[in-house]
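Shown next, in structure tokens, is the structure this report addresses.
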Amino acid sequence: MTSAEAKQAIVDIVDDSYAEIGGDWTIRSGPAVQSCPLPGGGTGAAYSYIVDRKPGGTPPADVAKLQDLWKAKGITTQAYENSGKDPVRGVRGFGGPTTSIDLYADPVGYTIEGLSVCTVGDAAEMQGNGE
């Protein structure tokens with residue numbers, strides 16, 4: 001996968017994810033290039049993309065929606081919930097078109113964070129070129 005393809009893949013899966021849940025989302029960061037370790041050694045480039053939404057929705061149902069969507073896209077998923085009066089629920093995923101992707105379904109707001117696969121490229125040079 002090229003860095004341009006990795007960037008598009010992470011944008012597509014994050015955008016598909018928030019569309020599946022619905023609501024008004026805002027981009028907090030990205031897609032932004034960063035350095036990452038290549039599987040065979042050395043350093044490459046990956047893209048992170050983070051979006052947020054105000055409170056609302058039904059966290060257990062939204063987690064289930066994203067588990068289904070991500071599994072259909074070849075992503076392995078794991079739901080989680082912390083303890084507390086108002087638990088933060090979520091789901092994290094690995095593989096498929098991503099290195100990782102997470103939904104944090106917090107009562108104070110939702111966040112989806114995605115990180116693309118690591119590709120050959122110089123992240124510092126790419127940042128210098130406006131990436």
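Please note that chains go A, B, ... in the order of the structure tokens, that every chain numbers its residues from 1, and that ligands are numbered from 1 in the order shown.
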
- [ ] From the DSSP assignment of the backbone, select every residue of chain A that is helix (DSSP H, G or I), and format the answer as a PyMOL selection string.
- [x] chain A and resi 3-21+59-72+123-128

Open item on the list: Give me, as a PyMOL selection string, all polymer residues having an atom no more than 6 Å from segment 90-104 of chain A, counting only C-alpha atoms and skipping those fewer than 2 positions away in the same chain.
Closed with: chain A and resi 9+63+74-80+106+110-117

Task: Contact residues around segment 20-31 of chain A with only C-alpha atoms at 12 Å, ignoring same-chain residues under 5 positions, as a PyMOL selection string - done: chain A and resi 3-4+6-15+46-70+103+105+109-116+127+130-131

Using C-alpha atoms, can you export the residues from the last selection as a PDB file, in the first residue's frame?
```pdb
ATOM      1  CA  SER A   3       1.147   6.316   1.701  1.00  0.00           C
ATOM      2  CA  ALA A   4      -1.585   7.992  -0.376  1.00  0.00           C
ATOM      3  CA  ALA A   6      -3.059   4.408   3.471  1.00  0.00           C
ATOM      4  CA  LYS A   7      -4.225   7.989   4.019  1.00  0.00           C
ATOM      5  CA  GLN A   8      -7.377   7.421   1.963  1.00  0.00           C
ATOM      6  CA  ALA A   9      -8.091   4.105   3.702  1.00  0.00           C
ATOM      7  CA  ILE A  10      -8.002   5.647   7.184  1.00  0.00           C
ATOM      8  CA  VAL A  11     -10.148   8.596   6.093  1.00  0.00           C
ATOM      9  CA  ASP A  12     -12.674   6.215   4.528  1.00  0.00           C
ATOM     10  CA  ILE A  13     -12.994   3.922   7.568  1.00  0.00           C
ATOM     11  CA  VAL A  14     -13.262   6.798  10.061  1.00  0.00           C
ATOM     12  CA  ASP A  15     -15.805   8.602   7.868  1.00  0.00           C
ATOM     13  CA  ALA A  46       1.318   6.464   8.835  1.00  0.00           C
ATOM     14  CA  TYR A  47      -1.704   8.746   9.095  1.00  0.00           C
ATOM     15  CA  SER A  48      -3.775   9.462  12.186  1.00  0.00           C
ATOM     16  CA  TYR A  49      -7.290  10.847  11.971  1.00  0.00           C
ATOM     17  CA  ILE A  50      -9.416  11.859  14.986  1.00  0.00           C
ATOM     18  CA  VAL A  51     -13.038  13.058  15.040  1.00  0.00           C
ATOM     19  CA  ASP A  52     -15.306  14.032  17.946  1.00  0.00           C
ATOM     20  CA  ARG A  53     -19.031  14.297  18.620  1.00  0.00           C
ATOM     21  CA  LYS A  54     -21.005  15.855  21.457  1.00  0.00           C
ATOM     22  CA  PRO A  55     -22.882  13.576  23.887  1.00  0.00           C
ATOM     23  CA  GLY A  56     -25.818  11.593  22.642  1.00  0.00           C
ATOM     24  CA  GLY A  57     -26.634   8.259  21.216  1.00  0.00           C
ATOM     25  CA  THR A  58     -26.741   4.896  22.908  1.00  0.00           C
ATOM     26  CA  PRO A  59     -23.198   3.678  23.614  1.00  0.00           C
ATOM     27  CA  PRO A  60     -23.946  -0.102  23.701  1.00  0.00           C
ATOM     28  CA  ALA A  61     -25.855   0.091  20.403  1.00  0.00           C
ATOM     29  CA  ASP A  62     -23.214   2.330  18.811  1.00  0.00           C
ATOM     30  CA  VAL A  63     -20.431  -0.048  19.872  1.00  0.00           C
ATOM     31  CA  ALA A  64     -22.367  -2.944  18.294  1.00  0.00           C
ATOM     32  CA  LYS A  65     -22.874  -0.990  15.053  1.00  0.00           C
ATOM     33  CA  LEU A  66     -19.153  -0.334  14.711  1.00  0.00           C
ATOM     34  CA  GLN A  67     -18.219  -3.903  15.595  1.00  0.00           C
ATOM     35  CA  ASP A  68     -20.412  -5.096  12.719  1.00  0.00           C
ATOM     36  CA  LEU A  69     -19.073  -2.463  10.294  1.00  0.00           C
ATOM     37  CA  TRP A  70     -15.441  -3.055  11.175  1.00  0.00           C
ATOM     38  CA  LEU A 103     -14.452   4.378  19.371  1.00  0.00           C
ATOM     39  CA  ALA A 105     -18.332   6.281  23.695  1.00  0.00           C
ATOM     40  CA  GLY A 109     -18.809  12.887  24.091  1.00  0.00           C
ATOM     41  CA  TYR A 110     -17.666  10.399  21.494  1.00  0.00           C
ATOM     42  CA  THR A 111     -14.276  10.105  19.797  1.00  0.00           C
ATOM     43  CA  ILE A 112     -13.136   7.958  16.899  1.00  0.00           C
ATOM     44  CA  GLU A 113      -9.370   7.667  16.427  1.00  0.00           C
ATOM     45  CA  GLY A 114      -7.823   5.848  13.497  1.00  0.00           C
ATOM     46  CA  LEU A 115      -4.230   5.064  12.556  1.00  0.00           C
ATOM     47  CA  SER A 116      -3.401   3.849   9.068  1.00  0.00           C
ATOM     48  CA  GLN A 127       5.184  16.967   6.853  1.00  0.00           C
ATOM     49  CA  GLY A 130       2.310  19.908   3.670  1.00  0.00           C
ATOM     50  CA  GLU A 131       1.097  16.457   4.687  1.00  0.00           C
TER      51      GLU A 131
END
```

Open item on the list: If I take atom CA of Thr43 of chain A and atom CA of Met126 of chain A, how far is one from the other in Å, to one decimal?
Closed with: 13.0 Å

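The shortest atom-to-atom distance to Gly84 of chain A, with only C-alpha atoms taken into account, belongs to A:Pro107 out of A:Pro107, A:Leu38, A:Lys71, A:Met1.
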
Task: Atomic distance atom CA of Gln34 of chain A - atom CA of Val108 of chain A, expressed in Å with one decimal - done: 28.2 Å

- [ ] Using backbone DSSP assignments, extract all strand (DSSP E or B) residues from segment 97-130 of chain A; output them as an MDAnalysis selection string.
- [x] chainID A and resid 98:106 109:116 119

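One distance worth recording is that between atom CA of Cys118 of chain A and atom CA of Tyr18 of chain A, which is 23.0 Å.
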
Open item on the list: At a cut-off of 9 Å, using only C-alpha atoms, what residues contact Thr2 of chain A? Leave out same-chain residues fewer than 5 positions from it and give the result as a PyMOL selection string.
Closed with: chain A and resi 7+119-121

For N, CA and C atoms, I'd like the residues from the last selection saved as a PDB file, in the first residue's frame.
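Saved file result-v2.pdb follows:
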```
ATOM      1  N   LYS A   7      -3.517   6.782   3.575  1.00  0.00           N
ATOM      2  CA  LYS A   7      -4.225   7.989   4.019  1.00  0.00           C
ATOM      3  C   LYS A   7      -5.700   7.890   3.649  1.00  0.00           C
ATOM      4  N   THR A 119       3.520   2.706   6.022  1.00  0.00           N
ATOM      5  CA  THR A 119       3.999   2.538   4.658  1.00  0.00           C
ATOM      6  C   THR A 119       5.399   3.118   4.522  1.00  0.00           C
ATOM      7  N   VAL A 120       6.049   2.787   3.442  1.00  0.00           N
ATOM      8  CA  VAL A 120       7.365   3.343   3.159  1.00  0.00           C
ATOM      9  C   VAL A 120       7.205   4.838   2.915  1.00  0.00           C
ATOM     10  N   GLY A 121       8.012   5.624   3.579  1.00  0.00           N
ATOM     11  CA  GLY A 121       7.968   7.078   3.401  1.00  0.00           C
ATOM     12  C   GLY A 121       8.657   7.768   4.556  1.00  0.00           C
TER      13      GLY A 121
END
```
